[in-house]
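Written below as structure tokens is the structure these notes are about.
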Number of protein chains: 4
Amino acid sequence: MNSATTPTKTTKPELASEGTKNANGLSKKMKALVYYGHGKKSWEEKPTPVIQNNTDVIVKIIKTTICGTDLHILKGDVPAVTAGRILGHEGVGIVEEAGSAVTGFKKGDHVIISCITSCGKCVYCKRSMYSHCVNGGWILGHLIDGTQAEYVRIPYADNSLYHIPEGSDEEALVMLSDILPTGFECGVLNGKVQPGNTVAIVGSGPIGLAALLTAQFYSPAEIIMIDPDDNRLKTAKKFGATKTINNSKENAIERVKELTGGIGVDTAIEAVGIPTTFELCQSLVAPGGIIANIGVHGKSVELHLETLWSRNIAITTRLVDTVTTSMLLKTVQSKKLDPKLLITHRFKSSDIIKAYDVFGHAAKENALKVILTND
Amino acid sequence: MNSATTPTKTTKPELASEGTKNANGLSKKMKALVYYGHGKKSWEEKPTPVIQNNTDVIVKIIKTTICGTDLHILKGDVPAVTAGRILGHEGVGIVEEAGSAVTGFKKGDHVIISCITSCGKCVYCKRSMYSHCVNGGWILGHLIDGTQAEYVRIPYADNSLYHIPEGSDEEALVMLSDILPTGFECGVLNGKVQPGNTVAIVGSGPIGLAALLTAQFYSPAEIIMIDPDDNRLKTAKKFGATKTINNSKENAIERVKELTGGIGVDTAIEAVGIPTTFELCQSLVAPGGIIANIGVHGKSVELHLETLWSRNIAITTRLVDTVTTSMLLKTVQSKKLDPKLLITHRFKSSDIIKAYDVFGHAAKENALKVILTND
Amino acid sequence: MNSATTPTKTTKPELASEGTKNANGLSKKMKALVYYGHGKKSWEEKPTPVIQNNTDVIVKIIKTTICGTDLHILKGDVPAVTAGRILGHEGVGIVEEAGSAVTGFKKGDHVIISCITSCGKCVYCKRSMYSHCVNGGWILGHLIDGTQAEYVRIPYADNSLYHIPEGSDEEALVMLSDILPTGFECGVLNGKVQPGNTVAIVGSGPIGLAALLTAQFYSPAEIIMIDPDDNRLKTAKKFGATKTINNSKENAIERVKELTGGIGVDTAIEAVGIPTTFELCQSLVAPGGIIANIGVHGKSVELHLETLWSRNIAITTRLVDTVTTSMLLKTVQSKKLDPKLLITHRFKSSDIIKAYDVFGHAAKENALKVILTND
Amino acid sequence: MNSATTPTKTTKPELASEGTKNANGLSKKMKALVYYGHGKKSWEEKPTPVIQNNTDVIVKIIKTTICGTDLHILKGDVPAVTAGRILGHEGVGIVEEAGSAVTGFKKGDHVIISCITSCGKCVYCKRSMYSHCVNGGWILGHLIDGTQAEYVRIPYADNSLYHIPEGSDEEALVMLSDILPTGFECGVLNGKVQPGNTVAIVGSGPIGLAALLTAQFYSPAEIIMIDPDDNRLKTAKKFGATKTINNSKENAIERVKELTGGIGVDTAIEAVGIPTTFELCQSLVAPGGIIANIGVHGKSVELHLETLWSRNIAITTRLVDTVTTSMLLKTVQSKKLDPKLLITHRFKSSDIIKAYDVFGHAAKENALKVILTND
């Protein structure tokens, strides 16, 4: 995840009371995962966040996770992230304090934190394009401090948090912060998956699997999963893929043609983010079909307009808007979706460095998403 | 225009009667523009077409025109066109004879010939993607003989011809064979032009102007026309462009940013077909916007996914389906659209070589569309 | 089902050869269920149909069924059906003979017969509104002889028949002639059922259950089935209803409010066809919701615009277009849909009078759809 | 306009300072049009409003108008309006004071006041159904004091006000508070008016004319205006109607059939609000068409499902959401829409009683919208 948004206007933080407690009674210090430039991070003490604007909420983090984007940041790929930043843009927690303009949340409420902050009043928010909110967008763990901590400040809380229904499995709901809306909105909705259709998903990592899980909401006839890792394909099969192709061993284009009567797929979902996989999608899509890009790309790709110009296709891109969070929550509650399938490892927050290590070697560790729990 | 369609299955032609007349009373010979390979064409005698399948109609051509695609064919860019082929895929005429399975047309009916042949029963026709009809698509003047002749055979006539309402200006309706549906379907409909929106059209040739004329059906706030030729921009202004940019003299990206509050356009329509113009569109489109490609591309282009991946855009391609021909006819009849604006030159068919010459130097000749009339 | 269509133009039937065989080698006589006015029907000898237009196909019926509409006809509710008419508009069979203009089907092909005949070339067919085809629509067993017979003539066969994939369970596919596309198109598609949404289906008869089965393609959070018969509700529960309400014992409005947090349902599907059930739907639908009518209504209903005018709702009606037959076939092949669930009784065609009796007392007999098999 | 919304939660008003001025420097008293029950109203002194919540803005009204709904209130048709209420839900003005949580507006800003108040964060606002905002909706001049006054308090100002671009004709923009979005959203958008289509608008009063003006954004082939008043039809003709029918003199059903080749219209817009006109729409709509209701209905109507059930139509209702206000503003700025056409009379606010009288006899006075100007 990345974004060109500028930091929100902030007012002066409330004057901290003296002593070891903030005005709201919280300890002045907390533990957090801090980024210190290329490859450097540390689990260390940081000031506990305080309300800065009356639309803020302070959330005590119960559980959080690590995103592929966090690894990108650590590689130095996201220069907007500066040294000293607390990482993380996912998590569930409990409201500790709410600003005076917040009407939807109060101390004690259990909440899902959206990876996208939405002011609810700018031109993009009014078009349901929260990803491009001029006051928010992706800012958590990017332009402001994030969720891999004991506490986090959430701006525009009324539009950026979601109530957790009583009796929910809160761990599972961490998957609603980012990965499931991303797979669903960028892959499945943009890809217009429909009953009876054929879908290919290129990339069977966590995000491709999130697309796979949510594509099944629409009962496509075939979901063909393509990846060079047999373990990941085995997982895909378990998660509902009707066919799998190991494209390090097989010719994916030929196999997909075989499986689709020579025509190609109605929807090709790119869930990797490199030129080869995007080019593959161009060869898989049928006339009249859609290539829905989810991958975060670092380079330009070659677009074969010399053949595609006449094939009536569409290519879509999207930074997740998290406009479907409530809807996804309903599908979880009604058991149409089991987010827990994506969770493979669990750590205490104090072991976050180890968790990063496991997640950073996801293929070797058979890791999808890791859960970090604060004590 | 180009297409990967295969020739329709044809049955044996009716046995021609002896003498100088066909069974249907037509002279056995007619004049036609015949392609003979790279750069070679001739206005010469050819056999008058006869009914081959019971869904065919023979149309006596009244008026036809030349398309940019015909120039491409003459450059050898469309290898499927073989020597001896009669060119042309546009025109109006009068039904001379109808096959036994044709129910919608009879001798004497005045008709618009669609550039796309549609069988009405294949999987693509049922999805309203006539361009990919497995029995038709673009075949006229491509895989079967075309309309730059005195007579033409139209397969699947019930789905490929349109009745001309009495009292119509038939010359104007030649523009409904290809150019207006192409500009409208590939540019305006795919580009989702909406009231109050901003549109940039890159390329102010005939097809860009067709998009300009039909974009106005939806009352966008701004239509910015971009072209390196001042004459063409002057025409664009006359046809309804709200702003024009000569991109050989001005920085189009900066100017569009200025005109759109720094955001870019909701819809960028590519109406040229070369890498530079498609790249320009990528720089013009706003977050949440659409790039609608009309241009026929001969090469791949660079797609800047490294910036576009997060911008929530769509890119669409399309070979015209001519699904809007009836609707466009209604807009002509109700005077919402004046196709005649596109006609700049008129010739007798016997002067077709001269007409090709003028159309081949369109910029110099200030030519848009030329009309060829049979005596 | 009902319709205002006029009979198709027919040409003279082929001259029957003398003796006991038709030109195509079929026996001149067959058995069929013939309507003789209010309440009167007979299983008796009728002439075997012959090709009348070159777009016709003669199908040997393997299996057919009885529709609620057939009962309506027998009650005299459909005056366009005249004495002597062979009833039935559903079935699967084998092509016996194909007219000369038919390209998609040949002798020996196994086919599903659509209840809607589509010419593929009129203004409505081009809009995918086959139900209103000016040359077809619902005509089988209505304006021309139908499928409750040993043979049937299918006009416009290329657009009105569907190939049965090898290895299919043909009995199950009888459900694709009418009931499943009807429940899906009129109820589920018109009702815009979406993941996470709440749906109420009023009426748990065969058509309501067809809507229930196909609504699940879209993973709604809740499907609440409402009917006064506990047996039918038990079936609904088995078929995937998340909640059931017996509205002869419970207040359906109050119960639905309880189940939806006081708001009502996103989609209310009317699957009965009487004023009371349509009025109930008006009380169940949430602001912003849709009432999708499937029921065949014999009387006007009261529409409460005095409350609904400001509630941002839509009400839709539809005669099934059978535009989703191919898509439904794919969902059957990929096991997303099991049409066989709807079949409760099986008879030989010679026992059709008994089959009508059972189907006419469906509630008592616990009957959904009955299958009739020709020897 | 009406609505079932409950009053917004309000906090204690700021303590008024002593003397004749409020804390914000405004005079403590202002003039306003106050409702006193059935038929009773008075232009009199009322306390100047003060900020109650930090999302409020106080607007000094420059120009306002009277709505048909205000006449309904005075007839006692809207019981939620209690004696002492200041009426009015339209107007333009200047921000006088902004609450501390308001970020989009500040003192001195020129603004359009939307008739619909939107909190921007409830479930309906997130679905762009501002009309059903659980904290707002239609409350101005209904559940809280309105705009027919010198000052008005606007809750949730960030989502309920729109900036007036410099150099605009502010009087014209009063038409963007309610009447133009209502005609456009409820009539034109819900009615899916399309290029080449046929539209009938039943009712040529201000709201029907607003639909007529905005329907032209989409270039329909025909807009047939139906009304019993020749003067109003003359206006309709001037505003762009292609045909007019005086249904007190002519049979509107027969005339529309004549004008549409016997088929009826694609879109029928109901702009009156009584059973007769809604029934008329049912007779005018073609198969596949839409009846878009704008009228405020006081009684139920008869819905002819016995004929409509099979005609594939949709009926829509809507309380204006004002989601198109920004877009309409762009069409005004780009001269695609001239709202001023709707203004026929102008008064000083102190003459509001006389203005009500003229507007209350609109037909006789040839009145459409009246403008009231504060000194």
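By convention here, the chains of the structure tokens are called A, B, ... in the order presented, each chain's residues are numbered starting at 1, and ligands are numbered starting at 1 in the order presented.
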
field: chain C contacts to chain A at 6 Å (only C-alpha atoms) as an MDAnalysis selection string
entry: chainID C and resid 196 217:219 221 327 330:331 334

Please dump the current selection as a tab-separated table (two decimals), in the first residue's frame; keep C-alpha atoms.
```
chain	number	residue	atom	x	y	z
C	196	GLY	CA	-24.16	-9.37	3.20
C	217	PHE	CA	-25.22	-17.30	-5.68
C	218	TYR	CA	-24.71	-13.87	-4.11
C	219	SER	CA	-24.12	-14.86	-0.48
C	221	ALA	CA	-26.40	-12.63	5.02
C	327	MET	CA	-25.06	-19.03	-17.15
C	330	LYS	CA	-22.61	-23.35	-15.97
C	331	THR	CA	-23.55	-23.07	-12.30
C	334	SER	CA	-19.81	-26.42	-11.55
```

message: as a list in words, please: the residues near Lys243 in chain B (cut-off 12 Å, only C-alpha atoms, same-chain neighbours under 6 positions excluded).
response: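 Counting only the stated atoms, we get Thr198, Val199, Ala200, Ile201, Leu212, Ala221, Glu222, Ile223, Ile224, Met225, Ile226, Asp227, Leu233, Lys234, Thr235, Ala236, Lys237, Ala252, Arg255, Val256, Glu258, Leu259 and Thr260 of chain B; Ser334 of chain D.
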
Given the selection you just returned, output its residues as a file containing C-alpha atoms, formatted as a PDB file, in the first residue's frame.
```pdb
ATOM      1  CA  THR B 198     -14.334  16.814 -17.566  1.00  0.00           C
ATOM      2  CA  VAL B 199     -13.207  15.005 -20.699  1.00  0.00           C
ATOM      3  CA  ALA B 200      -9.977  15.177 -22.681  1.00  0.00           C
ATOM      4  CA  ILE B 201      -9.889  13.805 -26.210  1.00  0.00           C
ATOM      5  CA  LEU B 212     -16.515  14.910 -29.402  1.00  0.00           C
ATOM      6  CA  ALA B 221     -18.751  20.492 -18.204  1.00  0.00           C
ATOM      7  CA  GLU B 222     -15.521  20.506 -20.220  1.00  0.00           C
ATOM      8  CA  ILE B 223     -14.327  18.748 -23.348  1.00  0.00           C
ATOM      9  CA  ILE B 224     -10.671  19.527 -23.905  1.00  0.00           C
ATOM     10  CA  MET B 225      -9.433  18.631 -27.370  1.00  0.00           C
ATOM     11  CA  ILE B 226      -5.705  17.962 -27.816  1.00  0.00           C
ATOM     12  CA  ASP B 227      -3.997  17.794 -31.233  1.00  0.00           C
ATOM     13  CA  LEU B 233      -8.504  22.221 -33.278  1.00  0.00           C
ATOM     14  CA  LYS B 234     -10.451  24.991 -34.967  1.00  0.00           C
ATOM     15  CA  THR B 235     -12.868  22.362 -36.242  1.00  0.00           C
ATOM     16  CA  ALA B 236     -13.056  20.862 -32.746  1.00  0.00           C
ATOM     17  CA  LYS B 237     -13.981  24.251 -31.331  1.00  0.00           C
ATOM     18  CA  ALA B 252      -0.660  19.412 -22.567  1.00  0.00           C
ATOM     19  CA  ARG B 255      -2.471  22.900 -19.327  1.00  0.00           C
ATOM     20  CA  VAL B 256      -4.926  20.150 -18.395  1.00  0.00           C
ATOM     21  CA  GLU B 258      -4.477  24.088 -14.859  1.00  0.00           C
ATOM     22  CA  LEU B 259      -7.903  23.607 -16.396  1.00  0.00           C
ATOM     23  CA  THR B 260      -8.921  20.950 -13.860  1.00  0.00           C
TER      24      THR B 260
ATOM     25  CA  SER D 334     -20.459  25.373 -17.754  1.00  0.00           C
TER      26      SER D 334
END
```

All strand (DSSP E) positions in range 127-156 of chain D, as a compact mmCIF listing (two decimals) with all heavy atoms, in the first residue's frame:
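Produced file part.txt, reproduced below:
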```
# COMPACT_ATOMS: atom_id res chain seq x y z
N TYR D 151 -31.33 34.62 9.60
CA TYR D 151 -30.22 33.71 9.91
C TYR D 151 -30.77 32.30 10.09
O TYR D 151 -31.93 32.13 10.46
CB TYR D 151 -29.49 34.13 11.19
CG TYR D 151 -28.79 35.46 11.06
CD1 TYR D 151 -29.44 36.64 11.40
CD2 TYR D 151 -27.48 35.53 10.57
CE1 TYR D 151 -28.82 37.87 11.25
CE2 TYR D 151 -26.84 36.76 10.43
CZ TYR D 151 -27.52 37.93 10.76
OH TYR D 151 -26.91 39.13 10.61
N VAL D 152 -29.91 31.34 9.84
CA VAL D 152 -30.32 29.96 10.06
C VAL D 152 -29.12 29.18 10.60
O VAL D 152 -27.97 29.48 10.27
CB VAL D 152 -30.85 29.31 8.76
CG1 VAL D 152 -29.74 29.16 7.71
CG2 VAL D 152 -31.50 27.95 9.03
N ARG D 153 -29.41 28.22 11.46
CA ARG D 153 -28.38 27.31 11.96
C ARG D 153 -28.38 26.06 11.09
O ARG D 153 -29.42 25.44 10.91
CB ARG D 153 -28.66 26.93 13.42
CG ARG D 153 -27.62 25.97 14.01
CD ARG D 153 -27.94 25.61 15.47
NE ARG D 153 -29.13 24.78 15.56
CZ ARG D 153 -29.10 23.43 15.53
NH1 ARG D 153 -27.95 22.77 15.43
NH2 ARG D 153 -30.23 22.75 15.63
N ILE D 154 -27.23 25.72 10.54
CA ILE D 154 -27.10 24.53 9.68
C ILE D 154 -26.26 23.49 10.40
O ILE D 154 -25.05 23.66 10.57
CB ILE D 154 -26.44 24.89 8.33
CG1 ILE D 154 -27.23 25.96 7.59
CG2 ILE D 154 -26.28 23.64 7.46
CD1 ILE D 154 -28.63 25.55 7.15
```

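Separating CA of Pro228 in chain B from CA of Leu305 in chain B is a distance of 27.1 Å.
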
- request: Mind the document's chain letters and residue numbers, and return as an MDAnalysis selection string the residues of range 136-195 of chain B that DSSP labels alpha helix (DSSP H).
  value: chainID B and resid 157:160 170:173 179:182

List the neighbours of Pro339 in chain D out to 10 Å using only C-alpha atoms; skip same-chain residues closer than 5 positions along the sequence, and give me the result as a PDB file with C-alpha atoms, in the first residue's frame.
```
ATOM      1  CA  ASP D 169     -25.262  34.527 -10.039  1.00  0.00           C
ATOM      2  CA  GLU D 171     -30.006  34.082  -7.093  1.00  0.00           C
ATOM      3  CA  ALA D 172     -29.927  31.309  -9.671  1.00  0.00           C
ATOM      4  CA  LEU D 173     -28.199  29.010  -7.214  1.00  0.00           C
ATOM      5  CA  VAL D 174     -31.161  29.070  -4.830  1.00  0.00           C
ATOM      6  CA  MET D 175     -32.592  26.560  -7.319  1.00  0.00           C
ATOM      7  CA  LEU D 176     -29.832  24.136  -6.301  1.00  0.00           C
ATOM      8  CA  ILE D 179     -35.889  21.842  -6.802  1.00  0.00           C
ATOM      9  CA  LEU D 180     -33.182  21.014  -9.340  1.00  0.00           C
ATOM     10  CA  ALA D 210     -36.942  20.983 -13.162  1.00  0.00           C
ATOM     11  CA  LEU D 213     -34.485  20.989 -17.741  1.00  0.00           C
ATOM     12  CA  THR D 214     -32.198  18.319 -16.313  1.00  0.00           C
ATOM     13  CA  LEU D 328     -25.347  20.395 -10.897  1.00  0.00           C
ATOM     14  CA  LEU D 329     -23.248  23.371  -9.876  1.00  0.00           C
ATOM     15  CA  VAL D 332     -24.545  25.644 -14.195  1.00  0.00           C
TER      16      VAL D 332
END
```

For range 34-40 of chain D: contacts at 7 Å, only C-alpha atoms, fewer than 2 positions along chain excluded, given as a list of chain:residue names: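 Here the answer would be D:Ala32, D:Ser42, D:Trp43, D:Leu74, D:Lys75, D:Gly76, D:Thr82, D:Ala83, D:Gly84, D:Arg85, D:Ile86, D:Leu87.
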
query: Interatomic distance between CA of Ile371 in chain D and CA of Arg346 in chain D?
result: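 Result for CA of Ile371 in chain D versus CA of Arg346 in chain D: 4.6 Å, one decimal.
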
- request: Fewer than 2 positions away in the same chain doesn't count, so skip those; otherwise give me all residues within 12 Å of His304 in chain D, counting only C-alpha atoms, as an MDAnalysis selection string.
  value: (chainID C and resid 274:275 278 296:303 317) or (chainID D and resid 278:283 301:302 306:311 313 315)

Next, the residues of the selection above should be written as a CSV table (one decimal), in the first residue's frame with N, CA, C and O atoms.
```csv
chain,number,residue,atom,x,y,z
C,274,ILE,N,-50.7,-12.5,-5.2
C,274,ILE,CA,-52.0,-12.0,-4.8
C,274,ILE,C,-51.8,-10.7,-4.0
C,274,ILE,O,-50.6,-10.4,-3.5
C,275,PRO,N,-52.8,-9.9,-3.9
C,275,PRO,CA,-52.6,-8.5,-3.2
C,275,PRO,C,-52.0,-8.6,-1.8
C,275,PRO,O,-51.2,-7.8,-1.5
C,278,PHE,N,-48.2,-9.0,-1.9
C,278,PHE,CA,-47.6,-7.9,-2.4
C,278,PHE,C,-47.6,-6.7,-1.4
C,278,PHE,O,-46.6,-6.0,-1.2
C,296,VAL,N,-47.6,-14.0,-10.6
C,296,VAL,CA,-48.5,-13.7,-11.7
C,296,VAL,C,-49.8,-13.1,-11.1
C,296,VAL,O,-50.5,-13.9,-10.3
C,297,HIS,N,-50.1,-11.9,-11.3
C,297,HIS,CA,-51.2,-11.2,-10.6
C,297,HIS,C,-52.4,-11.2,-11.5
C,297,HIS,O,-52.3,-10.8,-12.7
C,298,GLY,N,-53.6,-11.5,-10.9
C,298,GLY,CA,-54.8,-11.4,-11.6
C,298,GLY,C,-55.6,-10.1,-11.3
C,298,GLY,O,-56.6,-9.8,-12.0
C,299,LYS,N,-55.2,-9.4,-10.3
C,299,LYS,CA,-55.9,-8.2,-9.8
C,299,LYS,C,-54.9,-7.1,-9.5
C,299,LYS,O,-53.7,-7.4,-9.3
C,300,SER,N,-55.4,-5.9,-9.5
C,300,SER,CA,-54.6,-4.8,-9.1
C,300,SER,C,-54.3,-4.9,-7.6
C,300,SER,O,-55.0,-5.6,-6.9
C,301,VAL,N,-53.3,-4.1,-7.2
C,301,VAL,CA,-53.0,-4.1,-5.7
C,301,VAL,C,-52.9,-2.7,-5.3
C,301,VAL,O,-52.8,-1.7,-6.1
C,302,GLU,N,-53.0,-2.5,-4.0
C,302,GLU,CA,-52.9,-1.1,-3.4
C,302,GLU,C,-51.4,-0.8,-3.2
C,302,GLU,O,-50.7,-1.6,-2.5
C,303,LEU,N,-51.0,0.3,-3.7
C,303,LEU,CA,-49.6,0.7,-3.6
C,303,LEU,C,-49.5,1.9,-2.6
C,303,LEU,O,-50.1,2.9,-2.9
C,317,THR,N,-41.0,-5.6,-12.1
C,317,THR,CA,-41.8,-6.7,-12.6
C,317,THR,C,-41.0,-7.3,-13.8
C,317,THR,O,-40.2,-6.6,-14.4
D,278,PHE,N,-50.5,9.2,-11.3
D,278,PHE,CA,-49.7,8.0,-11.2
D,278,PHE,C,-50.3,6.9,-12.0
D,278,PHE,O,-49.6,6.1,-12.7
D,279,GLU,N,-51.6,6.8,-12.1
D,279,GLU,CA,-52.2,5.8,-12.9
D,279,GLU,C,-51.9,6.1,-14.4
D,279,GLU,O,-51.7,5.2,-15.2
D,280,LEU,N,-52.0,7.4,-14.7
D,280,LEU,CA,-51.6,7.7,-16.1
D,280,LEU,C,-50.2,7.2,-16.5
D,280,LEU,O,-50.1,6.6,-17.6
D,281,CYS,N,-49.3,7.4,-15.6
D,281,CYS,CA,-47.9,6.9,-15.9
D,281,CYS,C,-47.9,5.4,-16.2
D,281,CYS,O,-47.2,4.9,-17.0
D,282,GLN,N,-48.7,4.6,-15.5
D,282,GLN,CA,-48.8,3.2,-15.7
D,282,GLN,C,-49.3,2.8,-17.1
D,282,GLN,O,-48.9,1.8,-17.6
D,283,SER,N,-50.1,3.7,-17.7
D,283,SER,CA,-50.6,3.5,-19.0
D,283,SER,C,-49.6,4.0,-20.1
D,283,SER,O,-49.7,3.6,-21.3
D,301,VAL,N,-52.3,4.5,-4.1
D,301,VAL,CA,-52.8,4.4,-5.5
D,301,VAL,C,-53.0,3.0,-5.9
D,301,VAL,O,-52.5,2.1,-5.3
D,302,GLU,N,-53.7,2.8,-7.0
D,302,GLU,CA,-54.0,1.5,-7.5
D,302,GLU,C,-52.8,1.1,-8.5
D,302,GLU,O,-52.6,1.8,-9.4
D,306,GLU,N,-52.0,-6.6,-12.6
D,306,GLU,CA,-52.6,-7.6,-13.4
D,306,GLU,C,-52.1,-7.4,-14.9
D,306,GLU,O,-52.2,-8.4,-15.7
D,307,THR,N,-51.7,-6.2,-15.2
D,307,THR,CA,-51.1,-6.1,-16.6
D,307,THR,C,-49.6,-5.8,-16.5
D,307,THR,O,-48.8,-6.3,-17.3
D,308,LEU,N,-49.1,-5.2,-15.4
D,308,LEU,CA,-47.7,-4.8,-15.4
D,308,LEU,C,-46.8,-5.9,-15.0
D,308,LEU,O,-45.6,-5.8,-15.2
D,309,TRP,N,-47.3,-7.0,-14.3
D,309,TRP,CA,-46.4,-8.0,-13.8
D,309,TRP,C,-45.5,-8.6,-14.9
D,309,TRP,O,-44.4,-9.0,-14.5
D,310,SER,N,-46.0,-8.6,-16.1
D,310,SER,CA,-45.2,-9.2,-17.1
D,310,SER,C,-44.5,-8.2,-18.1
D,310,SER,O,-44.0,-8.6,-19.1
D,311,ARG,N,-44.5,-7.0,-17.7
D,311,ARG,CA,-44.0,-5.9,-18.7
D,311,ARG,C,-42.6,-5.5,-18.4
D,311,ARG,O,-42.1,-4.5,-19.0
D,313,ILE,N,-41.1,-3.8,-16.1
D,313,ILE,CA,-41.0,-2.4,-15.7
D,313,ILE,C,-40.4,-2.2,-14.3
D,313,ILE,O,-40.3,-3.1,-13.5
D,315,ILE,N,-40.6,0.7,-11.0
D,315,ILE,CA,-41.2,1.9,-10.4
D,315,ILE,C,-40.3,2.4,-9.3
D,315,ILE,O,-39.9,1.5,-8.5
```

List the spatial neighbours of Leu140 in chain B as a PDB file with C-alpha atoms, in the first residue's frame - criterion: any atom at most 7 Å away, only C-alpha atoms, same-chain residues fewer than 4 positions off excluded.
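Final output, saved to around.pdb:
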```pdb
ATOM      1  CA  GLY B  88     -14.987  -0.745 -47.773  1.00  0.00           C
ATOM      2  CA  HIS B  89     -17.179  -1.456 -44.741  1.00  0.00           C
ATOM      3  CA  CYS B 115     -19.412  -2.154 -40.495  1.00  0.00           C
ATOM      4  CA  ILE B 144     -15.262 -10.821 -47.610  1.00  0.00           C
ATOM      5  CA  ASP B 145     -15.863  -8.226 -50.331  1.00  0.00           C
ATOM      6  CA  GLY B 146     -16.878  -4.782 -49.154  1.00  0.00           C
TER       7      GLY B 146
END
```

message: Can you tell me which residues surround Tyr356 in chain B at a distance of at most 12 Å, considering only C-alpha atoms, apart from same-chain residues fewer than 2 positions away, and format the answer as number ranges by chain?
response: B: 33, 39-43, 65-71, 74, 87-88, 148, 345-354, 358-362, 365, 367, 369-372

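CA of Glu90 in chain C to CA of Tyr156 in chain C spans 15.8 Å [interatomic distance, one decimal].
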
field: Best match for closeness to Tyr130 in chain B among B:Asp321, B:Asp357, B:Glu97, B:Asp338, counting only C-alpha atoms
entry: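 For Tyr130 in chain B, the nearest of the given residues is B:Asp321.
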